[in-house]
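So the structure is just underneath, and the comments pick up after that.
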Amino acid sequence: MAKARIKVPSSAKKGEIFEIKTLMSHNMETGRRKDKKTGELIPRKIINKFECVYNGKTVFSADFHPSISANPYLAFSCRATESGKLEFRWTEDGGAVTSETKEIQVS
Amino acid sequence: MVAFKLGALFVAAAGFVMANAAVYAADAPNLNDPKIAKYVAGDKWSGYVTSTPETRKMQDDDFENPSFVWVDQARALWDKVDGKAGKSCASCHGEVEKLKGASTTYPKFVDKHNDLITVEHQIGICRTKYMEADAWKWEGDQMLGMSALVRLQSRGMPVNVSIDGKNKPFYEKGREFYYQRRGHFDFSCAHCHVDNYGNMIRSELLSHGMPNGFPQYRLKWQKLGSMHRRFRGCNKNTRAEPYKQGSPEYTALELYTMWRASGLPVETPAVRK
């Protein structure tokens with residue numbers, strides 16, 4: 001999988017609700033397309049799960065199914081409780097996982 | 001009696017025309033909307049004007065715009081040394097921001113290369129001639145990203161191509177292509193984009209055909225695509241034989257269509273449905 005783009009504020013006040021934006025580049029092969037030359041179906045390969053873990057606690061997760069467009073974009077909100085790490089995990093069909101972490105300072 | 005009948009006919013006909021006009025007027029975009037003011041120049045408007053609010057939002061926010069996946073990759077490639085000459089883009093050009101305004105005059109005739117060239121051609125020449133590196137495919141991720149990165153530096157600046165001097169014969173050729181009927185449906189570009197823009201063709205609203213946002217992310221393509229890919233799509237839709245990307249025919253057509261878009265701001269990388 002290619003690189004992800006993530007936008008998280010570097011700092012936030014305790015109790016504040018902040019927005020997280022993520023965009024993962026992935027072609028989300030649906031499994032319904034045929035190879036133009038051989039006529040055979042191209043096997044499905046999509047991101048089937050997204051998770052956001054804030055200091056060990058899952059704060060947001062989503063199951064993806066076919067018909068989610070390529071390069072899936074997600075925006076969601078989270079409440080700042082403590083300084084630490086936000087880990088983002090994209091799981092692909094076949095089990096490959098791409099993960100990225102961002103730090104946030106909570107004052 | 002005859003005269004009366006004729007009169008009634010005329011009234012009926014006039015009513016029919018007016019009803020049609022009303023339908024068309026409802027479809028045509030409202031060019032006075034302040035939200036789209038940036039994307040209107042005189043009587044010209046870009047595809048942004050007829051995009052849905054969701055699609056506009058994707059283009060307005062550089063984070064949400066998926067094109068920037070390619071642009072970010074190209075930015076990394078800008079400083080990467082490649083080829084036998086041991087050069088990167090930055091070796092000759094310095095910071096990419098220095099190319100501000102450069103793309104607004106493309107395609108243009110370059111004496112050194114003795115041909116009309118587009119931004120993509122120029123990148124190809126840089127790769128193979130000056131860097132002595134492998135050529136990039138026209139529709140490949142690196143080429144699309146680099147073309148978008150270069151054109152992005154001029155975003156917001158008006159398209160400003162020249163149709164004089166050595167560009168003139170290519171402009172004439174492009175114009176001829178634009179008005180030439182072709183394919184099974186016997187359509188020219190002008191039938192849709194000059195005579196009927198703002199009207200519906202079945203379920204689709206015909207655009208003004210302004211190419212100021214290429215390479216652009218099309219939701220239909222699910223990736224970034226070049227202007228020549230769009231030309232190919234148009235030609236296929238009218239059941240005409242498409243030309244190759246980068247061919248002299250499409251390069252001349254790019255000059256003509258870019259001239260049509262003169263004054264509109266560069267929107268690269270635009271997002272369209």
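If you're wondering about the labels, chains in the structure tokens are A, B, ... by order shown, residues count from 1 in each chain, ligands from 1 in order shown.
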Open item on the list: Should the cut-off be 9 Å, what would the residue list for chain A against chain B look like, counting only C-alpha atoms, as a ChimeraX atom specification?
Closed with: /A:3-7,21-25,27,69-73
Limited to C-alpha atoms, could you put the picked residues into a file as a tab-separated table (two decimals), in the first residue's frame?
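Written file, again-v2.tsv:
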```
chain	number	residue	atom	x	y	z
A	3	LYS	CA	1.45	6.43	1.64
A	4	ALA	CA	-1.35	7.79	3.76
A	5	ARG	CA	-2.13	11.43	4.31
A	6	ILE	CA	-3.20	12.31	7.85
A	7	LYS	CA	-4.12	15.64	9.39
A	21	LYS	CA	-8.75	13.73	8.44
A	22	THR	CA	-7.22	10.75	6.66
A	23	LEU	CA	-6.76	9.90	3.03
A	24	MET	CA	-5.28	6.58	2.01
A	25	SER	CA	-4.11	5.98	-1.53
A	27	ASN	CA	-7.03	1.52	-5.84
A	69	SER	CA	-14.29	4.51	-3.84
A	70	ALA	CA	-10.58	4.41	-4.52
A	71	ASN	CA	-8.35	6.50	-2.26
A	72	PRO	CA	-10.81	6.43	0.64
A	73	TYR	CA	-11.10	9.64	2.63
```
Give me the residues within 6 Å of His193 of chain B as an mmCIF file with all heavy atoms, in the first residue's frame, counting only C-alpha atoms and dropping any in the same chain fewer than 4 places off.
```cif
data_model
loop_
_atom_site.group_PDB
_atom_site.id
_atom_site.type_symbol
_atom_site.label_atom_id
_atom_site.label_comp_id
_atom_site.auth_asym_id
_atom_site.auth_seq_id
_atom_site.Cartn_x
_atom_site.Cartn_y
_atom_site.Cartn_z
ATOM 1 N N TYR B 197 -23.271 24.115 -24.993
ATOM 2 C CA TYR B 197 -22.817 24.066 -23.602
ATOM 3 C C TYR B 197 -23.916 24.612 -22.697
ATOM 4 O O TYR B 197 -24.643 25.520 -23.078
ATOM 5 C CB TYR B 197 -21.502 24.831 -23.414
ATOM 6 C CG TYR B 197 -21.584 26.318 -23.649
ATOM 7 C CD1 TYR B 197 -21.876 27.186 -22.603
ATOM 8 C CD2 TYR B 197 -21.367 26.850 -24.912
ATOM 9 C CE1 TYR B 197 -21.963 28.560 -22.821
ATOM 10 C CE2 TYR B 197 -21.445 28.202 -25.137
ATOM 11 C CZ TYR B 197 -21.749 29.051 -24.087
ATOM 12 O OH TYR B 197 -21.821 30.383 -24.302
ATOM 13 N N HIS B 208 -18.444 23.667 -20.879
ATOM 14 C CA HIS B 208 -17.898 24.610 -21.845
ATOM 15 C C HIS B 208 -16.604 24.072 -22.461
ATOM 16 O O HIS B 208 -16.025 24.677 -23.338
ATOM 17 C CB HIS B 208 -17.628 25.944 -21.129
ATOM 18 C CG HIS B 208 -17.887 27.129 -21.986
ATOM 19 N ND1 HIS B 208 -18.211 28.348 -21.462
ATOM 20 C CD2 HIS B 208 -17.873 27.288 -23.317
ATOM 21 C CE1 HIS B 208 -18.367 29.206 -22.447
ATOM 22 N NE2 HIS B 208 -18.180 28.589 -23.580
ATOM 23 N N GLY B 209 -16.132 22.948 -21.963
ATOM 24 C CA GLY B 209 -14.936 22.320 -22.519
ATOM 25 C C GLY B 209 -13.659 23.072 -22.207
ATOM 26 O O GLY B 209 -12.801 23.225 -23.064
#
```
TODO: Could you tell me, as a ChimeraX atom specification, which residues of segment 23-212 of chain B DSSP assigns to alpha helix (DSSP H) when given the backbone?
DONE: /B:23-27,53-60,67-78,89-93,119-125,141-152,168-179,189-193
Open item on the list: Applying 9 Å and only C-alpha atoms, which residues near Lys102 of chain A remain after dropping the ones on its own chain fewer than 5 positions away? List them as a PyMOL selection string.
Closed with: chain A and resi 6-8+10+84-88
Dump of all heavy atoms for the selected residues, as a PDB file, in the first residue's frame:
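Resulting contents of selection34.pdb:
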```pdb
ATOM      1  N   ILE A   6      -2.459  12.162   6.594  1.00  0.00           N
ATOM      2  CA  ILE A   6      -3.202  12.310   7.848  1.00  0.00           C
ATOM      3  C   ILE A   6      -3.060  13.739   8.341  1.00  0.00           C
ATOM      4  O   ILE A   6      -1.978  14.317   8.286  1.00  0.00           O
ATOM      5  CB  ILE A   6      -2.655  11.353   8.933  1.00  0.00           C
ATOM      6  CG1 ILE A   6      -2.732   9.911   8.436  1.00  0.00           C
ATOM      7  CG2 ILE A   6      -3.436  11.489  10.226  1.00  0.00           C
ATOM      8  CD1 ILE A   6      -1.915   8.958   9.256  1.00  0.00           C
ATOM      9  N   LYS A   7      -4.164  14.300   8.829  1.00  0.00           N
ATOM     10  CA  LYS A   7      -4.120  15.644   9.391  1.00  0.00           C
ATOM     11  C   LYS A   7      -4.665  15.602  10.815  1.00  0.00           C
ATOM     12  O   LYS A   7      -5.837  15.297  11.024  1.00  0.00           O
ATOM     13  CB  LYS A   7      -4.972  16.566   8.517  1.00  0.00           C
ATOM     14  CG  LYS A   7      -4.617  18.023   8.649  1.00  0.00           C
ATOM     15  CD  LYS A   7      -5.424  18.788   7.621  1.00  0.00           C
ATOM     16  CE  LYS A   7      -5.035  20.240   7.532  1.00  0.00           C
ATOM     17  NZ  LYS A   7      -5.854  20.918   6.526  1.00  0.00           N
ATOM     18  N   VAL A   8      -3.784  15.844  11.753  1.00  0.00           N
ATOM     19  CA  VAL A   8      -4.159  15.876  13.164  1.00  0.00           C
ATOM     20  C   VAL A   8      -3.541  17.142  13.744  1.00  0.00           C
ATOM     21  O   VAL A   8      -2.383  17.438  13.453  1.00  0.00           O
ATOM     22  CB  VAL A   8      -3.589  14.645  13.917  1.00  0.00           C
ATOM     23  CG1 VAL A   8      -3.863  14.728  15.396  1.00  0.00           C
ATOM     24  CG2 VAL A   8      -4.158  13.357  13.358  1.00  0.00           C
ATOM     25  N   SER A  10      -1.418  19.464  16.125  1.00  0.00           N
ATOM     26  CA  SER A  10      -0.278  19.058  16.941  1.00  0.00           C
ATOM     27  C   SER A  10      -0.562  19.258  18.426  1.00  0.00           C
ATOM     28  O   SER A  10       0.021  18.596  19.266  1.00  0.00           O
ATOM     29  CB  SER A  10       0.968  19.830  16.524  1.00  0.00           C
ATOM     30  OG  SER A  10       0.690  21.209  16.582  1.00  0.00           O
ATOM     31  N   GLY A  84      -0.312  12.079  23.776  1.00  0.00           N
ATOM     32  CA  GLY A  84       0.092  10.730  23.404  1.00  0.00           C
ATOM     33  C   GLY A  84       0.023  10.487  21.921  1.00  0.00           C
ATOM     34  O   GLY A  84       0.083  11.423  21.120  1.00  0.00           O
ATOM     35  N   LYS A  85      -0.128   9.229  21.595  1.00  0.00           N
ATOM     36  CA  LYS A  85      -0.054   8.822  20.197  1.00  0.00           C
ATOM     37  C   LYS A  85      -1.404   8.423  19.648  1.00  0.00           C
ATOM     38  O   LYS A  85      -2.195   7.778  20.323  1.00  0.00           O
ATOM     39  CB  LYS A  85       0.883   7.610  20.070  1.00  0.00           C
ATOM     40  CG  LYS A  85       2.341   7.987  20.020  1.00  0.00           C
ATOM     41  CD  LYS A  85       3.184   6.735  19.872  1.00  0.00           C
ATOM     42  CE  LYS A  85       4.656   7.092  19.961  1.00  0.00           C
ATOM     43  NZ  LYS A  85       5.501   5.922  20.150  1.00  0.00           N
ATOM     44  N   LEU A  86      -1.619   8.826  18.416  1.00  0.00           N
ATOM     45  CA  LEU A  86      -2.781   8.346  17.668  1.00  0.00           C
ATOM     46  C   LEU A  86      -2.240   7.407  16.600  1.00  0.00           C
ATOM     47  O   LEU A  86      -1.396   7.796  15.791  1.00  0.00           O
ATOM     48  CB  LEU A  86      -3.497   9.518  17.008  1.00  0.00           C
ATOM     49  CG  LEU A  86      -4.394  10.354  17.900  1.00  0.00           C
ATOM     50  CD1 LEU A  86      -4.517  11.752  17.340  1.00  0.00           C
ATOM     51  CD2 LEU A  86      -5.778   9.720  18.009  1.00  0.00           C
ATOM     52  N   GLU A  87      -2.717   6.171  16.617  1.00  0.00           N
ATOM     53  CA  GLU A  87      -2.252   5.223  15.617  1.00  0.00           C
ATOM     54  C   GLU A  87      -3.375   4.934  14.632  1.00  0.00           C
ATOM     55  O   GLU A  87      -4.517   4.720  15.038  1.00  0.00           O
ATOM     56  CB  GLU A  87      -1.787   3.930  16.290  1.00  0.00           C
ATOM     57  CG  GLU A  87      -0.988   3.075  15.341  1.00  0.00           C
ATOM     58  CD  GLU A  87      -0.722   1.676  15.879  1.00  0.00           C
ATOM     59  OE1 GLU A  87      -1.017   1.409  17.049  1.00  0.00           O
ATOM     60  OE2 GLU A  87      -0.217   0.857  15.089  1.00  0.00           O
ATOM     61  N   PHE A  88      -3.032   4.968  13.348  1.00  0.00           N
ATOM     62  CA  PHE A  88      -4.014   4.714  12.300  1.00  0.00           C
ATOM     63  C   PHE A  88      -3.644   3.424  11.591  1.00  0.00           C
ATOM     64  O   PHE A  88      -2.491   3.237  11.217  1.00  0.00           O
ATOM     65  CB  PHE A  88      -4.035   5.873  11.301  1.00  0.00           C
ATOM     66  CG  PHE A  88      -4.309   7.198  11.950  1.00  0.00           C
ATOM     67  CD1 PHE A  88      -3.267   7.988  12.445  1.00  0.00           C
ATOM     68  CD2 PHE A  88      -5.603   7.658  12.081  1.00  0.00           C
ATOM     69  CE1 PHE A  88      -3.513   9.197  13.051  1.00  0.00           C
ATOM     70  CE2 PHE A  88      -5.863   8.878  12.686  1.00  0.00           C
ATOM     71  CZ  PHE A  88      -4.818   9.654  13.176  1.00  0.00           C
TER      72      PHE A  88
END
```
Task: A:Ser61, A:Ile20, A:Arg89, A:Lys14 ranked by distance to Ala75 of chain A, top pick (using only C-alpha atoms) - done: A:Ile20
Task: Residue neighbourhood Gly233 of chain B, 9 Å, only C-alpha atoms, exclusion window fewer than 5 positions, as JSON, numbers by chain - done: {"B": [228, 238, 242]}
- [ ] Please return as a PyMOL selection string: the residues of chain A that backbone DSSP assigns to strand (DSSP E or B).
- [x] chain A and resi 4-7+11-12+17-24+29+34+41+45+47-54+57-63+73-79+84-92+97-106
TODO: Excluding segment 90-96 of chain A and any residue of its chain fewer than 5 positions from it, enumerate the residues within 8 Å of it, using only C-alpha atoms, and give them as a ChimeraX atom specification.
DONE: /A:44-51
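When atom CA of Val271 of chain B is paired with atom CA of Pro215 of chain B, their separation reads 9.4 Å.
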Task: One-decimal distance in Å that lies between atom CA of Tyr48 of chain B and atom CA of Ile36 of chain B - done: 7.5 Å
TODO: Can you pull out every residue within 10 Å of Val194 of chain B, counting only C-alpha atoms, but drop anything in the same chain fewer than 5 positions away, and send it as a count of residues only?
DONE: 8
TODO: Could you jot down the atom CA of Thr128 of chain B to atom CA of Lys173 of chain B separation for me, Å, one decimal place?
DONE: 27.7 Å
Open item on the list: Could you list, as a list in words, every residue within 10 Å of Gly140 of chain B, counting only C-alpha atoms and ignoring same-chain residues fewer than 4 positions away?
Closed with: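 Neighbouring residues, sequence-local ones excluded: Trp136, Leu144, Gly145, Leu224, Gly225 and Ser226 of chain B.
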So that I have them on file, write out the residues from the current selection with N, CA, C and O atoms, as an mmCIF file, in the first residue's frame.
```cif
data_model
loop_
_atom_site.group_PDB
_atom_site.id
_atom_site.type_symbol
_atom_site.label_atom_id
_atom_site.label_comp_id
_atom_site.auth_asym_id
_atom_site.auth_seq_id
_atom_site.Cartn_x
_atom_site.Cartn_y
_atom_site.Cartn_z
ATOM 1 N N TRP B 136 9.120 8.576 -18.840
ATOM 2 C CA TRP B 136 7.912 8.237 -18.092
ATOM 3 C C TRP B 136 6.769 8.069 -19.075
ATOM 4 O O TRP B 136 6.678 8.795 -20.067
ATOM 5 N N LEU B 144 1.954 12.092 -14.423
ATOM 6 C CA LEU B 144 0.755 12.845 -14.027
ATOM 7 C C LEU B 144 1.040 13.698 -12.801
ATOM 8 O O LEU B 144 0.651 14.866 -12.727
ATOM 9 N N GLY B 145 1.743 13.097 -11.843
ATOM 10 C CA GLY B 145 2.060 13.811 -10.615
ATOM 11 C C GLY B 145 2.962 15.005 -10.883
ATOM 12 O O GLY B 145 2.730 16.106 -10.377
ATOM 13 N N LEU B 224 -5.875 10.419 -11.067
ATOM 14 C CA LEU B 224 -5.516 11.605 -11.834
ATOM 15 C C LEU B 224 -5.433 11.209 -13.311
ATOM 16 O O LEU B 224 -5.017 10.096 -13.624
ATOM 17 N N GLY B 225 -5.826 12.113 -14.202
ATOM 18 C CA GLY B 225 -5.739 11.797 -15.628
ATOM 19 C C GLY B 225 -5.354 13.024 -16.421
ATOM 20 O O GLY B 225 -5.562 14.152 -15.984
ATOM 21 N N SER B 226 -4.774 12.788 -17.604
ATOM 22 C CA SER B 226 -4.283 13.903 -18.414
ATOM 23 C C SER B 226 -5.392 14.452 -19.311
ATOM 24 O O SER B 226 -6.429 13.827 -19.499
#
```
Give me, as a Markdown table, each residue of segment 8-33 of chain A that comes within 7 Å of segment 38-41 of chain A, together with its shortest interatomic pair and the distance in Å at one decimal, counting only C-alpha atoms, with rows ordered by chain and rising residue number.
```
| residue | atom | partner | partner_atom | distance |
| --- | --- | --- | --- | --- |
| A:Gly31 | CA | A:Leu41 | CA | 6.7 |
| A:Arg32 | CA | A:Leu41 | CA | 6.4 |
| A:Arg33 | CA | A:Leu41 | CA | 5.8 |
```
